[in-house]
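Undergrad: Sharing entry02.cif here; it has mmCIF, C-alpha atoms and all ligand atoms.
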data_data
#
loop_
_atom_site.label_atom_id
_atom_site.label_comp_id
_atom_site.auth_asym_id
_atom_site.auth_seq_id
_atom_site.Cartn_x
_atom_site.Cartn_y
_atom_site.Cartn_z
CA MET A 27 90.53 224.82 70.61
CA LYS A 28 94.28 224.47 71.19
CA ALA A 29 95.74 220.96 70.83
CA ASP A 30 99.27 219.54 71.10
CA LEU A 31 98.41 215.99 69.99
CA TYR A 32 96.05 215.18 67.16
CA ILE A 33 95.16 211.69 65.87
CA ARG A 34 93.06 211.67 62.72
CA HIS A 35 91.77 209.34 59.99
CA ILE A 36 90.97 206.58 62.48
CA GLY A 37 89.08 203.80 60.68
CA GLN A 38 87.34 202.70 63.90
CA LEU A 39 87.65 204.70 67.10
CA ALA A 40 86.26 202.71 70.06
CA THR A 41 85.54 205.31 72.73
CA CYS A 42 84.35 202.87 75.46
CA ARG A 43 82.26 205.75 76.78
CA PRO A 44 79.24 204.36 78.69
CA PRO A 45 76.05 204.96 76.69
CA ASP A 46 73.99 206.12 79.67
CA GLY A 47 76.86 207.25 81.90
CA LYS A 48 76.32 204.24 84.22
CA LEU A 49 79.37 202.29 85.35
CA PRO A 50 80.57 199.60 85.54
CA LEU A 51 79.02 198.14 82.39
CA LYS A 52 77.02 194.98 83.04
CA GLY A 53 74.54 192.63 81.40
CA SER A 54 73.73 193.64 77.83
CA GLY A 55 75.48 196.97 78.53
CA MET A 56 78.79 195.12 78.32
CA ASN A 57 78.11 194.49 74.64
CA GLN A 58 77.50 198.15 73.81
CA LEU A 59 80.43 199.96 72.30
CA GLU A 60 80.45 203.38 70.68
CA ILE A 61 82.50 203.22 67.47
CA ILE A 62 83.26 206.38 65.50
CA GLU A 63 84.12 205.68 61.85
CA ASN A 64 86.72 207.99 60.33
CA GLY A 65 87.28 209.31 63.82
CA ALA A 66 89.70 211.76 65.34
CA LEU A 67 90.75 212.93 68.76
CA ALA A 68 92.68 215.89 70.08
CA CYS A 69 94.59 216.31 73.32
CA LEU A 70 96.28 219.10 75.24
CA ALA A 71 98.77 218.74 78.08
CA GLY A 72 98.08 215.03 78.51
CA GLU A 73 94.31 215.32 78.50
CA ILE A 74 91.75 214.42 75.85
CA ILE A 75 89.87 217.56 74.80
CA LEU A 76 87.93 216.69 71.66
CA VAL A 77 86.54 213.48 70.10
CA GLY A 78 84.54 213.12 66.88
CA THR A 79 84.86 212.50 63.18
CA THR A 80 87.97 213.72 61.39
CA ALA A 81 85.92 216.34 59.55
CA ASP A 82 84.46 217.68 62.82
CA VAL A 83 87.64 217.76 64.82
CA ASP A 84 89.62 219.24 61.89
CA ARG A 85 87.29 222.23 61.95
CA GLN A 86 87.54 222.84 65.67
CA ILE A 87 91.20 222.56 66.54
CA ASP A 88 94.06 224.92 66.48
CA LEU A 89 97.40 223.08 66.65
CA VAL A 90 100.07 224.62 68.86
CA ASN A 91 103.67 224.93 67.72
CA ARG A 92 105.35 221.53 67.45
CA ALA A 93 102.10 219.64 67.97
CA VAL A 94 102.30 215.91 67.21
CA VAL A 95 99.94 214.86 64.42
CA ILE A 96 99.35 211.15 63.83
CA ASP A 97 97.63 209.90 60.71
CA ALA A 98 96.05 206.60 61.78
CA ASP A 99 95.66 205.55 58.16
CA ASP A 100 92.20 203.99 58.67
CA LYS A 101 93.42 201.76 61.47
CA VAL A 102 91.90 201.22 64.92
CA VAL A 103 92.21 203.28 68.12
CA THR A 104 91.13 202.31 71.65
CA PRO A 105 91.77 203.66 75.13
CA GLY A 106 95.04 202.45 76.67
CA LEU A 107 94.46 198.98 78.10
CA ILE A 108 94.14 198.62 81.87
CA ASP A 109 95.31 195.48 83.66
CA PRO A 110 93.59 195.22 87.06
CA HIS A 111 95.44 192.21 88.59
CA THR A 112 99.22 191.71 88.39
CA HIS A 113 102.16 190.59 90.54
CA PRO A 114 105.03 192.32 88.67
CA VAL A 115 107.64 192.77 91.42
CA PHE A 116 109.60 189.55 91.91
CA ALA A 117 113.23 188.53 92.14
CA LYS A 118 113.36 185.66 89.69
CA THR A 119 111.37 183.67 87.19
CA ARG A 120 110.16 180.08 87.85
CA GLU A 121 110.63 178.24 84.56
CA ASP A 122 111.58 175.01 86.38
CA GLU A 123 108.07 174.84 87.82
CA PHE A 124 106.55 175.35 84.37
CA GLU A 125 108.49 172.31 83.20
CA MET A 126 107.59 170.29 86.34
CA ARG A 127 103.89 170.95 85.64
CA ASN A 128 104.33 169.84 82.06
CA MET A 129 105.91 166.64 83.41
CA GLY A 130 102.79 165.96 85.52
CA LYS A 131 102.94 167.88 88.82
CA SER A 132 100.11 170.26 89.70
CA TYR A 133 100.43 173.91 90.80
CA MET A 134 99.22 173.00 94.31
CA GLU A 135 101.55 169.98 94.62
CA ILE A 136 104.51 172.20 93.79
CA ALA A 137 103.31 174.83 96.28
CA GLN A 138 102.81 172.27 99.06
CA ALA A 139 106.30 170.91 98.50
CA GLY A 140 107.73 174.37 99.22
CA GLY A 141 107.81 175.78 95.71
CA GLY A 142 105.39 178.25 94.17
CA ILE A 143 104.83 181.51 96.03
CA ARG A 144 107.24 180.45 98.82
CA ASN A 145 109.94 179.98 96.20
CA SER A 146 109.41 183.59 95.10
CA THR A 147 109.31 184.73 98.73
CA ARG A 148 112.72 183.29 99.59
CA ALA A 149 114.22 184.97 96.55
CA LEU A 150 112.57 188.35 97.17
CA ARG A 151 113.72 188.52 100.77
CA GLU A 152 117.35 188.20 99.61
CA THR A 153 117.06 190.78 96.86
CA SER A 154 117.69 194.51 97.19
CA LYS A 155 115.13 197.14 96.31
CA ASP A 156 117.28 198.34 93.42
CA ALA A 157 117.53 194.87 91.91
CA LEU A 158 113.76 194.34 92.30
CA TYR A 159 113.17 197.71 90.68
CA ASP A 160 115.39 196.92 87.69
CA ASN A 161 113.79 193.52 87.22
CA ALA A 162 110.23 194.88 87.30
CA LYS A 163 111.11 197.81 85.06
CA LYS A 164 111.81 195.43 82.15
CA TYR A 165 108.28 194.07 82.42
CA LEU A 166 106.74 197.52 82.75
CA ASP A 167 108.41 198.49 79.46
CA LEU A 168 106.82 195.39 77.92
CA PHE A 169 103.36 196.29 79.27
CA LEU A 170 103.58 199.61 77.41
CA GLN A 171 104.74 197.86 74.24
CA TYR A 172 101.73 195.57 74.44
CA GLY A 173 99.29 198.46 74.81
CA THR A 174 98.76 198.56 78.58
CA THR A 175 98.94 202.00 80.20
CA THR A 176 97.85 201.28 83.80
CA ILE A 177 98.21 198.18 85.96
CA GLU A 178 97.30 197.15 89.46
CA ALA A 179 100.40 195.76 91.25
CA LYS A 180 100.36 193.48 94.27
CA SER A 181 102.83 192.76 97.03
CA GLY A 182 102.72 189.23 98.44
CA TYR A 183 106.20 187.84 97.89
CA GLY A 184 107.68 189.40 101.05
CA LEU A 185 105.44 187.92 103.76
CA THR A 186 107.24 189.73 106.60
CA THR A 187 106.28 193.28 107.54
CA GLN A 188 109.64 194.54 106.36
CA ASP A 189 109.64 192.66 103.06
CA GLU A 190 106.03 193.50 102.22
CA ILE A 191 106.88 197.17 102.78
CA LYS A 192 109.99 196.74 100.64
CA GLN A 193 107.90 195.36 97.79
CA LEU A 194 105.27 198.11 98.10
CA GLU A 195 108.00 200.75 98.13
CA VAL A 196 109.37 199.33 94.89
CA ILE A 197 105.87 199.55 93.39
CA GLN A 198 105.67 203.18 94.54
CA MET A 199 109.09 204.03 93.06
CA LEU A 200 108.12 202.40 89.77
CA SER A 201 104.87 204.32 89.58
CA GLU A 202 106.70 207.59 90.23
CA ASN A 203 109.48 207.01 87.70
CA HIS A 204 107.97 204.89 84.95
CA ALA A 205 105.49 206.06 82.31
CA LEU A 206 103.13 203.19 83.24
CA ASP A 207 100.82 203.93 86.19
CA LEU A 208 100.69 201.37 89.01
CA ILE A 209 97.86 201.09 91.55
CA PRO A 210 99.23 199.29 94.64
CA THR A 211 97.60 196.38 96.47
CA PHE A 212 98.74 194.83 99.74
CA LEU A 213 98.70 191.01 99.54
CA GLY A 214 100.38 189.90 102.79
CA ALA A 215 97.83 187.05 102.80
CA HIS A 216 99.24 185.47 99.63
CA GLU A 217 100.70 182.35 101.29
CA ILE A 218 101.80 181.10 104.71
CA PRO A 219 105.58 181.68 104.79
CA ASP A 220 108.02 178.89 105.76
CA GLU A 221 108.52 180.15 109.33
CA TYR A 222 104.77 180.08 110.13
CA ARG A 223 103.81 176.74 108.56
CA ASP A 224 103.06 175.31 112.03
CA ASP A 225 101.33 178.40 113.34
CA LYS A 226 99.19 179.92 110.66
CA ASP A 227 97.12 181.78 113.22
CA ALA A 228 100.17 183.72 114.36
CA TYR A 229 100.77 184.79 110.76
CA VAL A 230 97.15 185.93 110.38
CA GLU A 231 97.58 187.96 113.60
CA LEU A 232 100.80 189.48 112.25
CA ILE A 233 98.99 190.59 109.09
CA ILE A 234 96.12 192.08 111.11
CA ASN A 235 98.04 193.69 113.95
CA GLU A 236 101.25 194.77 112.29
CA MET A 237 101.24 194.71 108.50
CA ILE A 238 97.85 196.29 107.73
CA PRO A 239 98.27 199.19 110.19
CA VAL A 240 101.71 200.22 108.79
CA VAL A 241 100.73 199.76 105.16
CA ALA A 242 97.62 201.91 105.71
CA GLU A 243 99.40 204.50 107.79
CA ARG A 244 102.16 204.92 105.22
CA ASN A 245 99.65 205.02 102.37
CA LEU A 246 101.44 202.22 100.55
CA ALA A 247 98.34 200.54 99.15
CA VAL A 248 94.88 201.37 97.86
CA PHE A 249 93.58 197.79 98.02
CA SER A 250 93.97 194.77 100.30
CA ASP A 251 93.79 191.32 98.72
CA VAL A 252 93.82 187.76 100.10
CA PHE A 253 94.39 184.36 98.49
CA CYS A 254 91.17 182.83 99.84
CA GLU A 255 91.64 179.18 98.98
CA LYS A 256 91.44 175.77 100.65
CA GLY A 257 94.75 175.06 102.40
CA VAL A 258 95.85 178.70 102.08
CA PHE A 259 93.61 181.29 103.78
CA GLU A 260 90.25 179.77 104.66
CA LEU A 261 87.02 181.77 104.69
CA GLU A 262 87.11 182.86 108.32
CA GLU A 263 90.80 183.81 108.17
CA SER A 264 90.21 185.78 104.98
CA GLU A 265 87.27 187.55 106.59
CA ARG A 266 89.25 188.58 109.67
CA ILE A 267 92.05 189.96 107.52
CA GLN A 268 89.77 191.88 105.17
CA VAL A 269 87.61 193.30 107.96
CA ALA A 270 90.79 194.71 109.52
CA ALA A 271 91.93 196.09 106.16
CA LYS A 272 88.58 197.78 105.63
CA GLU A 273 88.74 199.32 109.10
CA HIS A 274 92.06 200.84 108.07
CA GLY A 275 90.52 202.42 104.99
CA LEU A 276 91.73 199.95 102.35
CA GLU A 277 89.42 198.84 99.52
CA LEU A 278 89.05 195.09 99.06
CA LYS A 279 89.94 192.55 96.39
CA PHE A 280 89.97 188.75 96.61
CA HIS A 281 91.65 185.81 94.90
CA ALA A 282 88.49 183.69 95.16
CA ASP A 283 87.30 180.24 94.08
CA GLU A 284 90.39 179.77 91.90
CA ILE A 285 91.20 176.12 92.56
CA VAL A 286 88.15 174.83 94.44
CA ASN A 287 84.80 176.34 95.40
CA LEU A 288 85.13 177.75 98.89
CA GLY A 289 82.60 180.57 98.79
CA GLY A 290 85.14 183.37 98.42
CA ALA A 291 82.78 185.14 96.00
CA GLN A 292 80.04 185.34 98.66
CA LEU A 293 82.56 186.64 101.20
CA ALA A 294 83.79 189.31 98.77
CA ALA A 295 80.18 190.38 98.15
CA LYS A 296 79.36 190.39 101.85
CA LEU A 297 82.32 192.63 102.69
CA GLY A 298 81.58 195.06 99.82
CA ALA A 299 84.76 194.21 97.88
CA VAL A 300 85.44 196.14 94.69
CA SER A 301 86.27 192.88 92.92
CA ALA A 302 86.65 189.14 93.29
CA ASP A 303 89.16 187.65 90.86
CA HIS A 304 89.71 184.21 89.21
CA LEU A 305 86.30 182.63 90.09
CA VAL A 306 86.84 179.49 88.01
CA TYR A 307 84.79 177.48 90.53
CA ILE A 308 82.27 180.14 91.58
CA SER A 309 78.82 178.72 92.49
CA GLU A 310 75.38 180.00 91.46
CA GLU A 311 75.05 181.46 94.98
CA GLY A 312 78.37 183.24 94.54
CA ILE A 313 77.22 184.72 91.22
CA ALA A 314 73.94 185.89 92.74
CA ALA A 315 75.71 187.44 95.73
CA MET A 316 78.16 189.35 93.55
CA ALA A 317 75.41 190.62 91.23
CA GLU A 318 73.40 191.79 94.22
CA ALA A 319 76.35 193.55 95.88
CA GLY A 320 77.73 195.05 92.64
CA THR A 321 81.09 193.34 93.21
CA MET A 322 83.03 193.11 89.95
CA ALA A 323 84.49 189.86 88.60
CA VAL A 324 88.02 190.01 87.22
CA MET A 325 88.51 187.14 84.77
CA LEU A 326 92.01 185.70 84.40
CA PRO A 327 91.76 183.12 81.59
CA GLY A 328 95.54 183.27 81.06
CA THR A 329 95.96 181.43 84.37
CA SER A 330 93.73 178.50 83.35
CA PHE A 331 95.55 178.41 80.02
CA TYR A 332 99.05 178.55 81.51
CA LEU A 333 98.34 176.01 84.28
CA ASP A 334 96.65 173.91 81.57
CA LEU A 335 93.44 173.53 83.58
CA ARG A 336 90.37 172.11 81.96
CA ASP A 337 88.08 174.75 83.43
CA TYR A 338 87.59 178.45 82.82
CA ALA A 339 85.43 180.85 84.81
CA PRO A 340 81.73 180.85 83.80
CA ALA A 341 81.90 184.31 82.28
CA ARG A 342 78.68 184.03 80.25
CA ARG A 343 76.68 183.00 83.31
CA MET A 344 78.06 185.98 85.19
CA ILE A 345 77.23 188.42 82.39
CA GLU A 346 73.69 187.01 82.20
CA ALA A 347 73.30 187.41 85.95
CA GLY A 348 74.42 191.05 85.80
CA VAL A 349 77.90 190.74 87.32
CA PRO A 350 80.19 193.38 85.75
CA LEU A 351 83.32 191.78 84.23
CA ALA A 352 86.88 192.95 83.71
CA LEU A 353 89.80 191.04 82.18
CA SER A 354 93.39 190.81 83.35
CA THR A 355 96.65 188.94 82.74
CA ASP A 356 97.40 187.96 86.40
CA PHE A 357 101.02 188.52 85.32
CA ASN A 358 103.26 186.68 87.83
CA PRO A 359 106.24 184.31 87.69
CA GLY A 360 104.24 181.20 88.66
CA SER A 361 100.77 180.86 87.20
CA SER A 362 100.72 183.38 84.34
CA ALA A 363 103.93 184.54 82.71
CA THR A 364 102.56 187.08 80.26
CA VAL A 365 102.01 190.84 80.16
CA SER A 366 99.90 190.58 77.00
CA LEU A 367 96.28 191.62 77.40
CA GLN A 368 96.07 190.89 73.67
CA MET A 369 96.55 187.18 74.39
CA ILE A 370 93.93 187.47 77.14
CA MET A 371 91.50 189.00 74.62
CA THR A 372 91.86 185.93 72.40
CA LEU A 373 91.27 183.59 75.37
CA ALA A 374 88.28 185.68 76.45
CA GLY A 375 86.84 185.04 73.00
CA ASN A 376 87.39 181.33 72.59
CA LYS A 377 87.44 180.16 76.23
CA LEU A 378 85.10 182.62 77.99
CA LYS A 379 82.85 183.03 74.93
CA MET A 380 82.79 186.79 75.18
CA SER A 381 81.95 189.03 72.20
CA THR A 382 84.47 191.51 70.82
CA ASN A 383 82.57 194.45 72.30
CA GLU A 384 82.43 192.79 75.72
CA ILE A 385 86.13 192.02 75.54
CA ILE A 386 87.11 195.58 74.63
CA ASN A 387 84.98 197.05 77.41
CA ALA A 388 86.45 194.52 79.86
CA VAL A 389 90.08 195.60 79.21
CA THR A 390 89.33 199.34 79.28
CA ILE A 391 86.41 201.01 81.02
CA ASN A 392 85.43 198.07 83.25
CA SER A 393 89.06 197.49 84.23
CA ALA A 394 89.20 201.16 85.22
CA CYS A 395 86.16 200.53 87.44
CA ALA A 396 87.87 197.49 89.01
CA LEU A 397 90.60 199.93 90.11
CA LYS A 398 88.19 202.76 91.02
CA GLN A 399 89.89 204.89 88.35
CA GLU A 400 86.92 205.36 86.03
CA LYS A 401 86.93 209.14 86.49
CA ASN A 402 90.44 209.43 85.01
CA ILE A 403 90.97 206.58 82.55
CA GLY A 404 89.34 203.75 80.59
CA SER A 405 87.53 205.69 77.84
CA ILE A 406 88.21 208.25 75.15
CA GLU A 407 86.23 211.33 76.11
CA PRO A 408 87.05 214.92 76.97
CA GLY A 409 88.53 215.33 80.45
CA LYS A 410 90.15 211.89 80.59
CA LYS A 411 93.86 211.18 80.51
CA ALA A 412 95.33 210.89 77.01
CA ASP A 413 96.13 207.16 77.39
CA ILE A 414 95.55 205.76 73.92
CA VAL A 415 96.56 202.86 71.67
CA VAL A 416 96.81 203.00 67.87
CA TRP A 417 96.48 199.42 66.61
CA ASN A 418 97.94 197.98 63.46
CA VAL A 419 94.66 196.27 62.50
CA SER A 420 91.89 197.33 60.15
CA ASN A 421 88.88 196.61 62.37
CA LEU A 422 88.13 195.96 66.04
CA LYS A 423 87.24 192.29 65.58
CA GLN A 424 90.83 191.64 64.53
CA LEU A 425 92.01 192.46 68.06
CA PRO A 426 90.97 189.12 69.63
CA TYR A 427 91.24 187.33 66.28
CA PHE A 428 95.00 187.59 65.84
CA TYR A 429 96.93 185.97 68.66
CA ALA A 430 100.48 185.86 69.97
CA ILE A 431 101.35 188.77 67.68
CA ASN A 432 101.91 192.23 69.06
CA GLN A 433 99.48 194.40 67.13
CA VAL A 434 100.27 197.70 68.83
CA GLU A 435 101.43 200.41 66.48
CA LYS A 436 101.74 203.18 69.07
CA THR A 437 101.12 203.48 72.78
CA ILE A 438 100.40 206.98 74.04
CA LYS A 439 100.59 207.69 77.76
CA ASN A 440 99.61 211.08 79.19
CA GLY A 441 99.62 212.50 75.67
CA ARG A 442 103.13 211.30 74.84
CA VAL A 443 104.11 208.50 72.43
CA VAL A 444 105.93 206.03 74.71
CA TYR A 445 106.10 203.13 72.25
CA ASP A 446 106.19 203.16 68.47
CA SER A 447 106.50 199.90 66.56
CA GLN A 448 108.28 201.83 63.81
CA GLY A 449 111.08 202.39 66.31
CA THR A 450 110.90 206.13 66.90
CA LYS A 451 110.11 207.23 70.43
O1 LIG B 1 96.92 184.81 91.03
N1 LIG B 1 96.87 182.40 93.29
C1 LIG B 1 97.71 183.05 93.86
N2 LIG B 1 98.48 183.97 93.31
C2 LIG B 1 98.89 184.03 91.98
C3 LIG B 1 100.02 183.12 91.70
C4 LIG B 1 101.27 183.65 92.26
C5 LIG B 1 102.46 182.75 92.06
O2 LIG B 1 102.35 181.56 91.73
O3 LIG B 1 103.55 183.31 92.25
C6 LIG B 1 97.70 183.88 91.07
O4 LIG B 1 97.53 182.87 90.37
FE FE B 2 96.93 186.70 91.16
#
Will you turn the file into structure tokens for me?

TA:
Amino acid sequence: MKADLYIRHIGQLATCRPPDGKLPLKGSGMNQLEIIENGALACLAGEIILVGTTADVDRQIDLVNRAVVIDADDKVVTPGLIDPHTHPVFAKTREDEFEMRNMGKSYMEIAQAGGGIRNSTRALRETSKDALYDNAKKYLDLFLQYGTTTIEAKSGYGLTTQDEIKQLEVIQMLSENHALDLIPTFLGAHEIPDEYRDDKDAYVELIINEMIPVVAERNLAVFSDVFCEKGVFELEESERIQVAAKEHGLELKFHADEIVNLGGAQLAAKLGAVSADHLVYISEEGIAAMAEAGTMAVMLPGTSFYLDLRDYAPARRMIEAGVPLALSTDFNPGSSATVSLQMIMTLAGNKLKMSTNEIINAVTINSACALKQEKNIGSIEPGKKADIVVWNVSNLKQLPYFYAINQVEKTIKNGRVVYDSQGTK
């Protein structure tokens, strides 16, 4: 078999291939992980073609001229990480708010006083597409360096039809030109902008009658999301918006039960959403509804950590109840200023009480499911994209164990080395 990329002598190769072919992984299935010791994998033209032990794959491949051969030196290999919830296109950072929170203000107090998302909205409206592109590009480079090969990317800092389109167009340009893949989500219902504070209903109507139809018609988003939260978009407003989005062919995601329990999880389940995200204050009824509907839960423990909240989402309860889990950074300039899924893996261990196998599945194959990309990415098996990470650790348990250290040795995207910690690209 011809190959142009060959990685061999892998101490532990985590394939993240579902044992019975059923996806997303849930319940005890989340803890099952196929690990090939002394593994190897071969790729051709950006696609994985062969996976097995080094001895097996050695026998079967025929390297083409100038093939890249990587000796993994008994280290660890996983699929490229997938981050299913990010807000990476913004005009400026918000370090003043981080300090204000540390001095005693809460995230919601800052938002209600005109800061928070509205702060980012004012800045984005004044910023050109080129400047937004350049700013986001820096972070996309960092995602690759930290082992992430696909992200979901939301709008939601424009909050006018024109500025939401501007933000989605930047996401599209980035996906076309950058090695990282971006899956776009429309989040016009992220906050009520300054000019509609006294007439929220008019803003909801604008989203439904103007924004959603153009975004869908111009194919600028795959998903529609809403910040379903007390004082932001209430349940019935969220429902109206998401019903309209669904009618226009968009798949659904929710920011649900993040700050108080509103029942956003039940609404997400009722509308057949692909995922509900955050869920720190999800109720037992919400968990049951999501399990029943097959709606995935995207856990964002970095947000609880960064906002210094006491509570984390009840991940163990959700796994027990059969809700499939994915993990994400929630990268954004307000509530979670990191691109590192490695940090999230550590928090998933010590705050969400997830096992290493569950964590690895939740940043790869289950994250692919949360983006409806499981046919292309998320596992190491023939036919999938050659999105792969070689880790500078000697076993898989060291991935969540070390923290705040970048452990990526090489990131491979579409069969090409796009980051090498040794410096060669
Ligand atoms: O997921 N909760 C709403 N949205 C983001 C925060 C965005 C911001 O503060 O800019 C979140 O936490
Ligand atoms: Fe978010």

Undergrad: Identify, on the basis of all atoms listed in the file, every residue whose closest approach to A:Phe428 does not exceed 9 Å; exclude the query and any residue fewer than 6 positions from it along the same chain; express the result as an NGL selection string.

TA: :A and (368-369 or 372)

Undergrad: Contacts of A:Ala302 at 9 Å or less, counting all atoms listed in the file, minus same-chain residues fewer than 6 places along, as an mmCIF file with C-alpha atoms, in the frame of the given file?

TA:
data_model
loop_
_atom_site.group_PDB
_atom_site.id
_atom_site.type_symbol
_atom_site.label_atom_id
_atom_site.label_comp_id
_atom_site.auth_asym_id
_atom_site.auth_seq_id
_atom_site.Cartn_x
_atom_site.Cartn_y
_atom_site.Cartn_z
ATOM 1 C CA LEU A 278 89.050 195.090 99.060
ATOM 2 C CA LYS A 279 89.940 192.550 96.390
ATOM 3 C CA PHE A 280 89.970 188.750 96.610
ATOM 4 C CA HIS A 281 91.650 185.810 94.900
ATOM 5 C CA ALA A 282 88.490 183.690 95.160
ATOM 6 C CA ASP A 283 87.300 180.240 94.080
ATOM 7 C CA GLY A 290 85.140 183.370 98.420
ATOM 8 C CA ALA A 291 82.780 185.140 96.000
ATOM 9 C CA ALA A 294 83.790 189.310 98.770
ATOM 10 C CA ALA A 295 80.180 190.380 98.150
ATOM 11 C CA MET A 316 78.160 189.350 93.550
ATOM 12 C CA THR A 321 81.090 193.340 93.210
ATOM 13 C CA MET A 322 83.030 193.110 89.950
ATOM 14 C CA ALA A 323 84.490 189.860 88.600
ATOM 15 C CA VAL A 324 88.020 190.010 87.220
ATOM 16 C CA MET A 325 88.510 187.140 84.770
#

Undergrad: Could you please determine the separation between atom CA of A:Ala157 and atom CA of A:Ala396 in Å, to one decimal place?

TA: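 Between atom CA of A:Ala157 and atom CA of A:Ala396 the gap works out to 29.9 Å.
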
Undergrad: Using all atoms listed in the file, determine which residues fall within 7 Å of ligand LIG 1 (chain B), then list them as a list in words.

TA: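 Sorted by chain and then by number, the residues are Gly142, Ile143, Ser146, His216, Phe253, His281, Thr329, Asp356, Asn358, Pro359, Gly360, Ser361 and Ser362 of chain A.
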
Undergrad: Which is closer to A:Pro44 than all the others in A:Ile406, A:Val90, A:Leu166, A:Ile209, using only C-alpha atoms?

TA: A:Ile406

Undergrad: Tell me which of A:Thr187, A:Thr175, A:Thr153, A:Ser181 sits closest to ligand FE 2 (chain B), counting all atoms listed in the file.

TA: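 Once distances to ligand FE 2 (chain B) are computed over all atoms listed in the file, the minimum belongs to A:Ser181.
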
Undergrad: Could you work out how far atom CA of A:Gln268 lies from atom CA of A:Ala314, giving the answer in Å with one decimal?

TA: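 Taking atom CA of A:Ala314 as the start and atom CA of A:Gln268 as the end point, the length is 21.0 Å.
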
Undergrad: What's around A:Asn57 at 6 Å? Count all atoms listed in the file, leave out sequence neighbours fewer than 3 positions away in its own chain, and write the answer as a PyMOL selection string.

TA: chain A and resi 54+383-384

Undergrad: Could you add the missing atoms to stretch 113-128 of chain A, up to N, CA and C atoms, and return them as a compact mmCIF listing (two decimals), in the frame of the given file?

TA:
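File rebuild16.txt, as written:
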# COMPACT_ATOMS: atom_id res chain seq x y z
N HIS A 113 101.15 190.78 89.49
CA HIS A 113 102.16 190.59 90.54
C HIS A 113 103.53 190.84 89.88
N PRO A 114 103.87 192.08 89.54
CA PRO A 114 105.03 192.32 88.67
C PRO A 114 106.37 192.48 89.38
N VAL A 115 106.37 192.57 90.72
CA VAL A 115 107.64 192.77 91.42
C VAL A 115 108.08 191.44 92.04
N PHE A 116 109.07 190.82 91.40
CA PHE A 116 109.60 189.55 91.91
C PHE A 116 111.08 189.48 91.58
N ALA A 117 111.77 188.57 92.29
CA ALA A 117 113.23 188.53 92.14
C ALA A 117 113.68 187.64 91.00
N LYS A 118 112.94 186.54 90.80
CA LYS A 118 113.36 185.66 89.69
C LYS A 118 112.18 184.88 89.10
N THR A 119 112.41 184.41 87.90
CA THR A 119 111.37 183.67 87.19
C THR A 119 111.34 182.21 87.70
N ARG A 120 110.31 181.45 87.32
CA ARG A 120 110.16 180.08 87.85
C ARG A 120 109.92 179.08 86.72
N GLU A 121 110.82 179.11 85.72
CA GLU A 121 110.63 178.24 84.56
C GLU A 121 110.75 176.75 84.90
N ASP A 122 111.48 176.43 86.00
CA ASP A 122 111.58 175.01 86.38
C ASP A 122 110.20 174.46 86.75
N GLU A 123 109.40 175.30 87.41
CA GLU A 123 108.07 174.84 87.82
C GLU A 123 107.15 174.66 86.60
N PHE A 124 107.34 175.50 85.61
CA PHE A 124 106.55 175.35 84.37
C PHE A 124 106.83 173.96 83.78
N GLU A 125 108.12 173.61 83.75
CA GLU A 125 108.49 172.31 83.20
C GLU A 125 107.98 171.16 84.09
N MET A 126 108.09 171.35 85.43
CA MET A 126 107.59 170.29 86.34
C MET A 126 106.09 170.04 86.12
N ARG A 127 105.33 171.13 85.91
CA ARG A 127 103.89 170.95 85.64
C ARG A 127 103.68 170.19 84.34
N ASN A 128 104.49 170.52 83.35
CA ASN A 128 104.33 169.84 82.06
C ASN A 128 104.70 168.36 82.17
